[in-house]
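Structure below is query-v3.tsv: TSV, C-alpha atoms.
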chain	number	residue	atom	x	y	z
V	1	MET	CA	-0.40	-20.29	-0.99
V	2	PHE	CA	-1.58	-20.56	2.57
V	3	THR	CA	-2.61	-23.79	4.21
V	4	PHE	CA	-4.25	-23.16	7.49
V	5	ASN	CA	-7.37	-23.85	9.40
V	6	ILE	CA	-10.19	-21.43	9.71
V	7	LYS	CA	-11.06	-19.83	12.97
V	8	LEU	CA	-13.86	-17.55	13.86
V	9	TRP	CA	-11.56	-14.58	14.12
V	10	VAL	CA	-10.92	-14.68	10.42
V	11	ILE	CA	-14.58	-14.55	9.48
V	12	PRO	CA	-14.91	-10.83	9.91
V	13	LEU	CA	-12.03	-10.48	7.53
V	14	ILE	CA	-14.30	-11.88	4.88
V	15	PHE	CA	-16.39	-8.92	5.32
V	16	LEU	CA	-13.83	-6.44	6.35
V	17	SER	CA	-11.69	-7.30	3.41
V	18	SER	CA	-14.57	-7.42	1.03
V	19	HIS	CA	-14.77	-3.70	1.40
V	20	LEU	CA	-11.36	-2.18	1.80
V	21	VAL	CA	-11.46	0.94	3.89
V	22	PHE	CA	-10.12	3.69	1.75
V	23	ALA	CA	-10.52	7.38	1.36
V	24	ALA	CA	-12.72	6.82	-1.69
V	25	PRO	CA	-13.99	3.28	-2.26
V	26	MET	CA	-14.88	4.06	-5.86
V	27	GLY	CA	-13.67	6.31	-8.64
V	28	PHE	CA	-15.38	8.74	-11.02
V	29	GLU	CA	-18.08	7.57	-13.44
V	30	GLY	CA	-16.74	5.20	-16.03
V	31	SER	CA	-13.53	4.50	-14.13
V	32	VAL	CA	-12.17	1.20	-12.96
V	33	MET	CA	-10.54	1.10	-9.56
V	34	THR	CA	-8.20	-1.72	-8.65
V	35	MET	CA	-7.18	-2.29	-5.06
V	36	GLY	CA	-5.17	-4.57	-2.87
V	37	ASP	CA	-4.69	-5.14	0.83
V	38	PHE	CA	-1.80	-7.28	2.01
V	39	ASN	CA	-0.82	-8.44	5.45
V	40	GLN	CA	1.09	-11.36	6.86
V	41	ASN	CA	-2.13	-13.32	7.21
V	42	TRP	CA	-4.31	-12.08	4.41
V	43	ARG	CA	-4.21	-11.10	0.77
V	44	GLU	CA	-7.02	-9.36	-0.97
V	45	VAL	CA	-7.36	-8.02	-4.45
V	46	GLY	CA	-10.36	-6.52	-6.13
V	47	PHE	CA	-11.70	-4.04	-8.58
V	48	ASN	CA	-14.85	-2.07	-9.13
V	49	TYR	CA	-16.38	-0.22	-12.02
V	50	ALA	CA	-18.19	3.06	-11.44
V	51	ILE	CA	-21.49	2.70	-13.26
V	52	THR	CA	-22.47	6.21	-12.23
V	53	SER	CA	-20.80	8.80	-10.05
V	54	ARG	CA	-22.56	7.19	-7.08
V	55	ASP	CA	-22.70	3.49	-7.86
V	56	ALA	CA	-20.03	0.89	-8.43
V	57	LEU	CA	-19.98	-2.84	-8.93
V	58	GLY	CA	-16.98	-5.02	-8.37
V	59	LEU	CA	-15.41	-8.32	-7.49
V	60	THR	CA	-13.06	-9.22	-4.68
V	61	HIS	CA	-10.89	-12.25	-4.05
V	62	LEU	CA	-9.60	-12.79	-0.56
V	63	GLU	CA	-7.32	-15.37	1.03
V	64	PHE	CA	-6.50	-15.33	4.72
V	65	ARG	CA	-5.21	-17.52	7.51
V	66	SER	CA	-5.10	-17.70	11.26
V	67	ASP	CA	-2.11	-16.61	13.33
V	68	ASP	CA	-1.00	-20.21	13.81
V	69	TYR	CA	-1.37	-20.83	10.06
V	70	LYS	CA	-3.69	-23.77	10.63
V	71	ASP	CA	-6.91	-22.28	9.28
V	72	LYS	CA	-7.52	-20.89	5.83
V	73	ARG	CA	-10.28	-19.26	3.88
V	74	GLU	CA	-10.89	-18.18	0.35
V	75	ILE	CA	-13.64	-15.70	-0.33
V	76	ASP	CA	-15.05	-14.42	-3.57
V	77	THR	CA	-17.66	-11.69	-3.44
V	78	LEU	CA	-19.64	-9.51	-5.74
V	79	ASN	CA	-19.73	-6.04	-4.22
V	80	TYR	CA	-21.95	-3.02	-4.63
V	81	THR	CA	-20.86	0.42	-3.45
V	82	ARG	CA	-23.26	3.33	-3.18
V	83	LEU	CA	-22.51	6.93	-2.31
V	84	LEU	CA	-25.56	7.78	-0.21
V	85	SER	CA	-24.71	11.39	0.55
V	86	ARG	CA	-21.94	13.85	-0.08
V	87	TRP	CA	-21.42	17.23	1.48
V	88	ASN	CA	-19.12	19.62	-0.34
V	89	SER	CA	-18.03	22.71	1.54
V	90	GLU	CA	-15.43	25.31	0.66
V	91	HIS	CA	-12.52	23.44	2.20
V	92	ALA	CA	-13.86	19.99	3.05
V	93	GLN	CA	-15.83	17.01	1.85
V	94	SER	CA	-17.87	14.45	3.79
V	95	ASN	CA	-19.31	11.23	2.46
V	96	LEU	CA	-21.69	8.51	3.59
V	97	TRP	CA	-21.20	5.21	1.79
V	98	LEU	CA	-23.20	2.00	1.69
V	99	PHE	CA	-21.60	-1.35	0.94
V	100	MET	CA	-23.22	-4.61	0.03
V	101	GLY	CA	-21.37	-7.83	-0.64
V	102	LEU	CA	-22.60	-11.28	-1.53
V	103	GLY	CA	-20.44	-14.25	-2.16
V	104	GLU	CA	-19.04	-17.55	-1.20
V	105	VAL	CA	-16.63	-18.66	1.48
V	106	ARG	CA	-14.70	-21.93	1.40
V	107	GLY	CA	-11.59	-23.21	3.05
V	108	VAL	CA	-9.90	-25.58	5.41
V	109	ALA	CA	-10.29	-26.00	9.17
V	110	ASN	CA	-7.94	-28.34	10.98
V	111	ASN	CA	-7.01	-29.92	7.65
V	112	GLN	CA	-10.63	-30.64	6.83
V	113	SER	CA	-12.47	-28.97	4.01
V	114	ILE	CA	-15.32	-26.72	4.95
V	115	ASP	CA	-18.44	-26.68	2.83
V	116	SER	CA	-18.85	-23.45	0.98
V	117	LYS	CA	-21.33	-20.99	2.43
V	118	VAL	CA	-23.10	-17.91	1.21
V	119	ILE	CA	-21.90	-14.73	2.87
V	120	ALA	CA	-23.67	-11.38	2.95
V	121	SER	CA	-21.80	-8.29	4.12
V	122	PRO	CA	-23.69	-5.02	4.49
V	123	GLY	CA	-21.94	-2.01	5.91
V	124	PHE	CA	-21.43	1.73	5.84
V	125	GLN	CA	-18.65	4.25	5.98
V	126	PHE	CA	-18.64	7.90	6.95
V	127	ASP	CA	-15.60	10.02	6.10
V	128	TYR	CA	-14.54	13.63	6.42
V	129	GLU	CA	-11.59	15.10	4.62
V	130	THR	CA	-9.80	18.35	3.98
V	131	THR	CA	-6.49	18.84	2.22
V	132	ARG	CA	-4.81	18.37	5.63
V	133	ILE	CA	-6.90	16.02	7.76
V	134	TYR	CA	-8.76	12.76	7.22
V	135	PHE	CA	-11.23	10.83	9.30
V	136	ALA	CA	-13.28	7.73	8.51
V	137	VAL	CA	-15.38	5.30	10.50
V	138	THR	CA	-16.57	2.02	9.01
V	139	HIS	CA	-18.96	-0.44	10.56
V	140	LYS	CA	-19.89	-3.71	8.97
V	141	LEU	CA	-22.23	-6.55	9.78
V	142	TYR	CA	-21.54	-10.08	8.78
V	143	ARG	CA	-24.32	-12.62	8.34
V	144	ALA	CA	-24.03	-16.23	7.31
V	145	SER	CA	-25.16	-19.53	8.65
V	146	ASN	CA	-23.99	-19.72	12.27
V	147	LEU	CA	-21.94	-16.60	11.84
V	148	ASN	CA	-22.66	-13.16	13.22
V	149	HIS	CA	-19.85	-10.65	13.61
V	150	ASP	CA	-19.60	-6.90	13.72
V	151	ASN	CA	-16.49	-5.09	12.65
V	152	THR	CA	-15.55	-1.48	13.30
V	153	SER	CA	-12.66	0.48	11.88
V	154	ILE	CA	-11.68	4.05	12.67
V	155	ARG	CA	-9.08	5.94	10.67
V	156	ALA	CA	-7.68	9.36	11.32
V	157	GLY	CA	-4.70	11.24	10.05
V	158	PHE	CA	-3.10	14.31	8.65
V	159	SER	CA	-1.04	15.32	5.65
V	160	PHE	CA	2.45	16.59	6.28
V	161	TYR	CA	1.95	19.45	3.85
V	162	GLU	CA	-0.35	20.54	1.06
V	163	ALA	CA	0.70	19.48	-2.38
V	164	ASP	CA	0.03	20.58	-5.93
V	165	TYR	CA	-2.10	18.38	-8.16
V	166	ASN	CA	0.91	16.80	-9.84
V	167	GLN	CA	2.86	16.26	-6.63
V	168	THR	CA	2.86	13.28	-4.30
V	169	GLN	CA	1.22	14.09	-1.00
V	170	PRO	CA	2.30	12.15	2.11
V	171	TRP	CA	-0.06	11.46	5.00
V	172	PHE	CA	0.17	9.87	8.41
V	173	ILE	CA	-2.82	7.63	9.03
V	174	LEU	CA	-3.64	5.73	12.22
V	175	GLU	CA	-6.19	2.93	11.95
V	176	THR	CA	-7.79	1.00	14.81
V	177	LYS	CA	-9.91	-2.06	14.15
V	178	TYR	CA	-12.01	-4.29	16.35
V	179	THR	CA	-13.92	-7.41	15.48
V	180	ASN	CA	-16.63	-8.65	17.76
V	181	GLN	CA	-16.37	-12.23	19.07
V	182	ILE	CA	-13.12	-12.73	17.24
V	183	SER	CA	-10.36	-11.32	19.35
V	184	ASP	CA	-10.09	-9.22	22.46
V	185	LYS	CA	-7.26	-7.33	20.86
V	186	ILE	CA	-7.77	-4.03	19.13
V	187	GLU	CA	-5.52	-3.82	16.12
V	188	VAL	CA	-3.65	-0.54	15.80
V	189	ILE	CA	-1.84	0.30	12.58
V	190	PRO	CA	0.11	3.50	11.99
V	191	MET	CA	0.67	4.00	8.28
V	192	LEU	CA	2.29	6.26	5.76
V	193	ARG	CA	-0.06	7.12	2.90
V	194	LEU	CA	1.12	8.49	-0.44
V	195	ILE	CA	-1.28	9.91	-3.00
V	196	ASN	CA	-0.45	11.08	-6.51
V	197	LYS	CA	-3.50	11.54	-8.72
V	198	ASN	CA	-4.66	8.03	-9.60
V	199	ILE	CA	-2.15	6.21	-7.39
V	200	PHE	CA	-2.79	5.56	-3.69
V	201	VAL	CA	-0.41	3.58	-1.50
V	202	GLU	CA	-0.39	2.94	2.24
V	203	GLY	CA	2.13	1.01	4.31
V	204	GLY	CA	2.67	0.37	7.98
V	205	VAL	CA	3.20	-2.10	10.81
V	206	ASN	CA	0.50	-3.07	13.29
V	207	ASN	CA	0.78	-3.55	17.05
V	208	SER	CA	1.62	-7.21	16.48
V	209	GLY	CA	4.61	-6.29	14.39
V	210	GLN	CA	2.97	-7.35	11.14
V	211	PRO	CA	3.54	-5.24	8.04
V	212	ARG	CA	0.61	-4.08	5.96
V	213	LEU	CA	0.39	-2.68	2.46
V	214	ASN	CA	-2.62	-1.20	0.68
V	215	PHE	CA	-2.85	0.21	-2.78
V	216	MET	CA	-5.38	1.63	-5.21
V	217	TYR	CA	-5.07	2.53	-8.85
V	218	THR	CA	-7.76	4.12	-10.98
V	219	PHE	CA	-7.97	3.71	-14.75
Y	1	MET	CA	1.88	60.62	-39.13
Y	2	LYS	CA	-1.72	60.13	-38.09
Y	3	HIS	CA	-2.05	57.28	-40.54
Y	4	LEU	CA	1.13	55.74	-39.20
Y	5	LEU	CA	-0.12	55.95	-35.62
Y	6	LEU	CA	-3.43	54.45	-36.68
Y	7	VAL	CA	-1.75	51.53	-38.40
Y	8	VAL	CA	0.55	50.91	-35.44
Y	9	GLY	CA	-2.38	51.11	-33.05
Y	10	LEU	CA	-4.43	48.65	-35.07
Y	11	GLY	CA	-1.49	46.33	-35.31
Y	12	LEU	CA	-0.98	46.35	-31.56
Y	13	SER	CA	-4.68	45.75	-30.99
Y	14	LEU	CA	-4.76	42.79	-33.32
Y	15	THR	CA	-1.70	41.33	-31.65
Y	16	SER	CA	-3.23	41.68	-28.19
Y	17	LEU	CA	-6.54	40.17	-29.34
Y	18	SER	CA	-4.85	37.15	-30.94
Y	19	GLY	CA	-2.86	36.64	-27.74
Y	20	PHE	CA	-6.11	36.28	-25.77
Y	21	ALA	CA	-8.23	34.56	-28.43
Y	22	THR	CA	-8.68	31.44	-26.25
Y	23	PRO	CA	-10.73	32.20	-23.15
Y	24	SER	CA	-10.29	30.19	-20.01
Y	25	TYR	CA	-12.89	29.34	-17.41
Y	26	LYS	CA	-11.63	29.56	-13.86
Y	27	VAL	CA	-13.84	27.35	-11.73
Y	28	THR	CA	-13.56	27.71	-7.96
Y	29	MET	CA	-14.55	24.39	-6.46
Y	30	LYS	CA	-16.19	23.14	-3.33
Y	31	GLY	CA	-15.14	19.79	-1.87
Y	32	MET	CA	-12.05	19.29	-4.03
Y	33	VAL	CA	-9.67	18.14	-1.30
Y	34	CYS	CA	-7.51	15.40	-2.78
Y	35	SER	CA	-5.85	14.78	-6.11
Y	36	PHE	CA	-6.98	11.15	-6.16
Y	37	CYS	CA	-10.56	12.29	-6.20
Y	38	ALA	CA	-9.97	15.34	-8.44
Y	39	GLN	CA	-8.57	13.39	-11.37
Y	40	GLY	CA	-12.09	12.69	-12.53
Y	41	ILE	CA	-12.70	16.38	-13.06
Y	42	GLU	CA	-9.61	16.71	-15.20
Y	43	LYS	CA	-10.52	13.71	-17.34
Y	44	LYS	CA	-14.12	14.76	-17.88
Y	45	MET	CA	-13.14	18.31	-18.81
Y	46	LYS	CA	-10.42	17.13	-21.19
Y	47	ALA	CA	-12.94	14.90	-22.91
Y	48	LEU	CA	-14.95	17.91	-24.09
Y	49	SER	CA	-14.45	18.77	-27.76
Y	50	GLU	CA	-14.09	22.45	-26.88
Y	51	THR	CA	-11.26	21.89	-24.44
Y	52	LYS	CA	-7.71	22.78	-25.31
Y	53	ASP	CA	-6.20	22.21	-21.88
Y	54	VAL	CA	-7.09	21.77	-18.22
Y	55	TYR	CA	-5.20	22.92	-15.15
Y	56	VAL	CA	-6.00	21.80	-11.60
Y	57	ASP	CA	-4.80	23.93	-8.69
Y	58	MET	CA	-5.42	22.11	-5.43
Y	59	LYS	CA	-4.15	24.88	-3.18
Y	60	ASN	CA	-6.51	27.49	-4.60
Y	61	ARG	CA	-9.33	24.99	-5.28
Y	62	LEU	CA	-9.30	25.93	-8.96
Y	63	VAL	CA	-10.02	24.02	-12.12
Y	64	VAL	CA	-9.11	26.04	-15.21
Y	65	VAL	CA	-10.41	25.00	-18.60
Y	66	GLU	CA	-8.86	26.66	-21.64
Y	67	VAL	CA	-10.93	26.29	-24.80
Y	68	LYS	CA	-9.78	26.02	-28.37
Y	69	GLU	CA	-9.48	29.15	-30.45
Y	70	GLY	CA	-12.80	30.53	-31.59
Y	71	LEU	CA	-14.83	28.32	-29.28
Y	72	THR	CA	-16.69	28.93	-26.05
Y	73	LEU	CA	-17.94	26.67	-23.31
Y	74	SER	CA	-21.31	26.85	-21.65
Y	75	GLN	CA	-21.15	27.43	-17.92
Y	76	ASP	CA	-24.14	25.15	-17.59
Y	77	VAL	CA	-22.06	22.37	-19.13
Y	78	ILE	CA	-19.25	23.06	-16.68
Y	79	ASN	CA	-21.66	23.03	-13.76
Y	80	LYS	CA	-23.22	19.75	-14.88
Y	81	ILE	CA	-19.90	18.00	-15.36
Y	82	ILE	CA	-18.63	19.03	-11.97
Y	83	LYS	CA	-21.87	18.06	-10.30
Y	84	ASP	CA	-21.88	14.69	-12.06
Y	85	VAL	CA	-18.32	14.03	-10.91
Y	86	GLY	CA	-19.47	14.69	-7.35
Y	87	TYR	CA	-18.34	18.21	-6.56
Y	88	ALA	CA	-19.90	21.64	-6.38
Y	89	VAL	CA	-19.08	24.93	-8.06
Y	90	GLN	CA	-18.56	28.01	-5.94
Y	91	SER	CA	-17.99	30.38	-8.84
Y	92	ILE	CA	-16.96	30.54	-12.49
Y	93	GLU	CA	-14.87	33.39	-13.88
Y	94	VAL	CA	-14.17	33.84	-17.56
Y	95	SER	CA	-10.62	34.92	-18.20
Y	96	GLU	CA	-9.08	36.24	-21.37
Y	97	HIS	CA	-5.80	34.61	-20.40
Y	98	PRO	CA	-4.55	31.15	-21.38
Y	99	ILE	CA	-3.68	28.59	-18.74
Y	100	GLU	CA	0.04	29.35	-18.83
Y	101	HIS	CA	-0.67	32.96	-17.80
Y	102	ILE	CA	-3.00	31.86	-15.03
Y	103	GLN	CA	-0.46	29.33	-13.76
Y	104	SER	CA	2.24	31.97	-13.58
Y	105	GLY	CA	-0.08	34.59	-12.08
Y	106	MET	CA	0.19	36.87	-15.10
Y	107	ASP	CA	-3.59	37.14	-15.30
Y	108	LYS	CA	-3.76	39.32	-12.18
Could you express the structure from this file as structure tokens?
Amino acid sequence: MFTFNIKLWVIPLIFLSSHLVFAAPMGFEGSVMTMGDFNQNWREVGFNYAITSRDALGLTHLEFRSDDYKDKREIDTLNYTRLLSRWNSEHAQSNLWLFMGLGEVRGVANNQSIDSKVIASPGFQFDYETTRIYFAVTHKLYRASNLNHDNTSIRAGFSFYEADYNQTQPWFILETKYTNQISDKIEVIPMLRLINKNIFVEGGVNNSGQPRLNFMYTF
Amino acid sequence: MKHLLLVVGLGLSLTSLSGFATPSYKVTMKGMVCSFCAQGIEKKMKALSETKDVYVDMKNRLVVVEVKEGLTLSQDVINKIIKDVGYAVQSIEVSEHPIEHIQSGMDK
């Protein structure tokens, strides 16, 4: 378990991590999607249930810490995911997603407890995908008392080859992330993505040398 | 001799009909670009009482639904399921061949 103080730079992670950026942030109607995002300084797990083919509700638990390990946060959010629009063409699909999260943040800053606060995290994601290329842009707002941060993530990549339905398909994905008023650094993460039906795994190392692992599993 | 030929001919016909007694619906899809997303189609189609088997071909954008012997499947039902799962249908072709023939290309 982490013990570290909170810093402003971690706040966007509340909101970034409340809505993991994935190819499909929800599954088919009636399915349950579980997901995880792990890095040296944060751990997030969550699940959502697809009420319809366009709406999902879920819960997320997030723990993260600052680079110097002095600040720490724990976040629990109730999340709503909505597929606003989908465009199906012969060889491609595009989606526009809406995210809404509402929850509580608590933690420790400089060894002092921080009163819990209500956090709201609206955002959207646009993605475009074929069997060979993938692109997604995600922008999220973060609003809480004395907190106002924007977060942007851009993902792009390609598959090494087309694969049959029952085969594992490998992808190269490059993600860049920037959080306003948190850090001047743009995080860059090259990753290997593997997809096999209901299993989705991504792994890589960012430009700070920190490993990252994402996964999704749909029941 | 004529009777013999007639009996043989009928026998061959019956054999060929029983071999293709289970029609398959070859659905050409729009937007089906990843297996993670396509699994919903397979599950929904397999849940139908008429369904014997389902085959998903990502490369050719095909979903093939083979129905149980003596049954048929409404194309409206197929269209609705695929739309509800979040995809679109480009075309539906009814084949006399079972999935194993379609998989091996024997239906062409």
Distance query Ser116 in chain V at most 8 Å, all atoms listed in the file, self and fewer than 5 positions along chain excluded, as a PyMOL selection string: chain V and resi 104-107
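Taking all atoms listed in the file into account, chain V lies nearest to Y:Ser91 out of the set Y:Ser91, Y:Thr22, Y:Thr72, Y:Thr51.
Between CA of Asn207 in chain V and CA of Pro190 in chain V there is a distance of 8.7 Å.
Each of V:Ile75, V:Ile133, V:Val32, V:Leu96 was compared to Thr52 in chain V using only C-alpha atoms, and V:Val32 turns out to be the nearest.
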Write out, as CSV, each residue of chain Y that has an atom at most 8 Å from chain V, together with the closest pair of atoms and their distance in Å to one decimal, counting all atoms listed in the file, rows going by chain and rising number.
residue,atom,partner,partner_atom,distance
Y:Met29,CA,V:Glu90,CA,7.2
Y:Lys30,CA,V:Glu90,CA,4.6
Y:Gly31,CA,V:Asn88,CA,4.3
Y:Met32,CA,V:Ala92,CA,7.3
Y:Val33,CA,V:Thr131,CA,4.8
Y:Cys34,CA,V:Thr131,CA,6.2
Y:Ser35,CA,V:Lys197,CA,4.8
Y:Phe36,CA,V:Lys197,CA,4.3
Y:Cys37,CA,V:Gly27,CA,7.2
Y:Ala38,CA,V:Lys197,CA,7.5
Y:Gln39,CA,V:Lys197,CA,6.0
Y:Gly40,CA,V:Phe28,CA,5.4
Y:Val56,CA,V:Tyr165,CA,6.2
Y:Asp57,CA,V:Tyr165,CA,6.2
Y:Met58,CA,V:Asp164,CA,5.7
Y:Lys59,CA,V:Asp164,CA,6.6
Y:Asp84,CA,V:Ser53,CA,6.3
Y:Val85,CA,V:Ser53,CA,5.9
Y:Gly86,CA,V:Ser53,CA,6.6
Y:Tyr87,CA,V:Asn88,CA,6.4
Y:Ala88,CA,V:Asn88,CA,6.4
Y:Gln90,CA,V:Glu90,CA,7.8
File dump, residues just selected, C-alpha atoms, as a tab-separated table (two decimals), in the frame of the given file:
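Result file is out29.tsv:
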chain	number	residue	atom	x	y	z
Y	29	MET	CA	-14.55	24.39	-6.46
Y	30	LYS	CA	-16.19	23.14	-3.33
Y	31	GLY	CA	-15.14	19.79	-1.87
Y	32	MET	CA	-12.05	19.29	-4.03
Y	33	VAL	CA	-9.67	18.14	-1.30
Y	34	CYS	CA	-7.51	15.40	-2.78
Y	35	SER	CA	-5.85	14.78	-6.11
Y	36	PHE	CA	-6.98	11.15	-6.16
Y	37	CYS	CA	-10.56	12.29	-6.20
Y	38	ALA	CA	-9.97	15.34	-8.44
Y	39	GLN	CA	-8.57	13.39	-11.37
Y	40	GLY	CA	-12.09	12.69	-12.53
Y	56	VAL	CA	-6.00	21.80	-11.60
Y	57	ASP	CA	-4.80	23.93	-8.69
Y	58	MET	CA	-5.42	22.11	-5.43
Y	59	LYS	CA	-4.15	24.88	-3.18
Y	84	ASP	CA	-21.88	14.69	-12.06
Y	85	VAL	CA	-18.32	14.03	-10.91
Y	86	GLY	CA	-19.47	14.69	-7.35
Y	87	TYR	CA	-18.34	18.21	-6.56
Y	88	ALA	CA	-19.90	21.64	-6.38
Y	90	GLN	CA	-18.56	28.01	-5.94
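With all atoms listed in the file as the basis for measurement, V:Ile154 is the residue among V:Ile186, V:Met100, V:Ile154, V:Leu57 that approaches Leu174 in chain V most closely.
The list of residues with at least one atom within 12 Å of Glu100 in chain Y, based on all atoms listed in the file and without residues fewer than 3 positions apart in the same chain, reads Y:Gly19, Y:Phe20, Y:Thr22, Y:Pro23, Y:Ser24, Y:Asp53, Y:Val54, Y:Tyr55, Y:Val64, Y:Val65, Y:Glu66, Y:Glu96, Y:His97, Y:Gln103, Y:Ser104, Y:Gly105, Y:Met106, Y:Asp107.
Among the candidate residues V:Asp127, V:Asn151, V:Asn41, V:Glu202, the one lying nearest to Lys72 in chain V is V:Asn41, with distances computed using only C-alpha atoms.
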Set up a box along x, y and z of the file covering all listed atoms of range 24-32 of chain Y, add 3 Å on every one of the six sides, and write the centre and edge lengths in Å to one decimal, as JSON.
{"center_x": -13.2, "center_y": 24.7, "center_z": -10.9, "size_x": 11.9, "size_y": 16.9, "size_z": 24.1}
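Taking CA of Met45 in chain Y and CA of Ile81 in chain Y as endpoints, the distance between them is 7.6 Å.
Excluding Asn39 in chain V itself and same-chain residues fewer than 5 positions from it, the residues having an atom within 10 Å of it are Glu44, Phe64, Gly203, Gly204, Val205, Asn206, Gln210, Pro211, Arg212, Leu213 and Asn214 of chain V, counting all atoms listed in the file.
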Once you have the residues from the selection above, write them out as a short mmCIF file (atom, residue, chain, number, x, y, z; two decimals), in the frame of the given file, restricted to C-alpha atoms.
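Output below, filename result_16.cif:
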data_model
loop_
_atom_site.label_atom_id
_atom_site.label_comp_id
_atom_site.auth_asym_id
_atom_site.auth_seq_id
_atom_site.Cartn_x
_atom_site.Cartn_y
_atom_site.Cartn_z
CA GLU V 44 -7.02 -9.36 -0.97
CA PHE V 64 -6.50 -15.33 4.72
CA GLY V 203 2.13 1.01 4.31
CA GLY V 204 2.67 0.37 7.98
CA VAL V 205 3.20 -2.10 10.81
CA ASN V 206 0.50 -3.07 13.29
CA GLN V 210 2.97 -7.35 11.14
CA PRO V 211 3.54 -5.24 8.04
CA ARG V 212 0.61 -4.08 5.96
CA LEU V 213 0.39 -2.68 2.46
CA ASN V 214 -2.62 -1.20 0.68
#
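Residues with any atom within 6 Å of Arg155 in chain V, counting all atoms listed in the file and excluding same-chain neighbours fewer than 4 positions away, are Phe135, Ala136, Leu174 and Glu175 of chain V.
Relative to CA of Trp97 in chain V, CA of Gln75 in chain Y is found at 29.7 Å.
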If you count only C-alpha atoms, the residue of Y:Lys108, Y:Lys52, Y:Lys26, Y:His3 closest to Val67 in chain Y turns out to be Y:Lys52
Tell me which protein, DNA and RNA residues are within 6 Å of Arg43 in chain V, counting all atoms listed in the file, leaving out same-chain ones fewer than 6 positions away, and put them as an mmCIF file with C-alpha atoms, in the coordinates of the input.
data_model
loop_
_atom_site.group_PDB
_atom_site.id
_atom_site.type_symbol
_atom_site.label_atom_id
_atom_site.label_comp_id
_atom_site.auth_asym_id
_atom_site.auth_seq_id
_atom_site.Cartn_x
_atom_site.Cartn_y
_atom_site.Cartn_z
ATOM 1 C CA ASP V 37 -4.690 -5.140 0.830
ATOM 2 C CA LEU V 62 -9.600 -12.790 -0.560
ATOM 3 C CA GLU V 63 -7.320 -15.370 1.030
#
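Among V:Ser121, V:Ser159, V:Thr60, V:Thr81, the residue with the shortest atom-to-atom distance to Phe172 in chain V, counting only C-alpha atoms, is V:Ser159.
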Please complete range 75-86 of chain Y so it has N, CA and C atoms, and hand it over as a short mmCIF file (atom, residue, chain, number, x, y, z; two decimals), in the frame of the given file.
data_model
loop_
_atom_site.label_atom_id
_atom_site.label_comp_id
_atom_site.auth_asym_id
_atom_site.auth_seq_id
_atom_site.Cartn_x
_atom_site.Cartn_y
_atom_site.Cartn_z
N GLN Y 75 -21.34 27.60 -19.35
CA GLN Y 75 -21.15 27.43 -17.92
C GLN Y 75 -22.09 26.39 -17.35
N ASP Y 76 -23.23 26.22 -18.02
CA ASP Y 76 -24.14 25.15 -17.59
C ASP Y 76 -23.50 23.79 -17.78
N VAL Y 77 -22.76 23.64 -18.87
CA VAL Y 77 -22.06 22.37 -19.13
C VAL Y 77 -21.00 22.14 -18.06
N ILE Y 78 -20.27 23.18 -17.73
CA ILE Y 78 -19.25 23.06 -16.68
C ILE Y 78 -19.88 22.67 -15.36
N ASN Y 79 -20.97 23.34 -15.01
CA ASN Y 79 -21.66 23.03 -13.76
C ASN Y 79 -22.13 21.58 -13.72
N LYS Y 80 -22.68 21.12 -14.83
CA LYS Y 80 -23.22 19.75 -14.88
C LYS Y 80 -22.10 18.72 -14.74
N ILE Y 81 -21.01 18.95 -15.44
CA ILE Y 81 -19.90 18.00 -15.36
C ILE Y 81 -19.38 17.90 -13.94
N ILE Y 82 -19.19 19.03 -13.32
CA ILE Y 82 -18.63 19.03 -11.97
C ILE Y 82 -19.61 18.41 -10.98
N LYS Y 83 -20.88 18.67 -11.17
CA LYS Y 83 -21.87 18.06 -10.30
C LYS Y 83 -21.90 16.55 -10.51
N ASP Y 84 -21.84 16.12 -11.76
CA ASP Y 84 -21.88 14.69 -12.06
C ASP Y 84 -20.66 13.97 -11.49
N VAL Y 85 -19.54 14.64 -11.45
CA VAL Y 85 -18.32 14.03 -10.91
C VAL Y 85 -18.38 13.99 -9.38
N GLY Y 86 -19.27 14.77 -8.80
CA GLY Y 86 -19.47 14.69 -7.35
C GLY Y 86 -19.00 15.89 -6.56
#
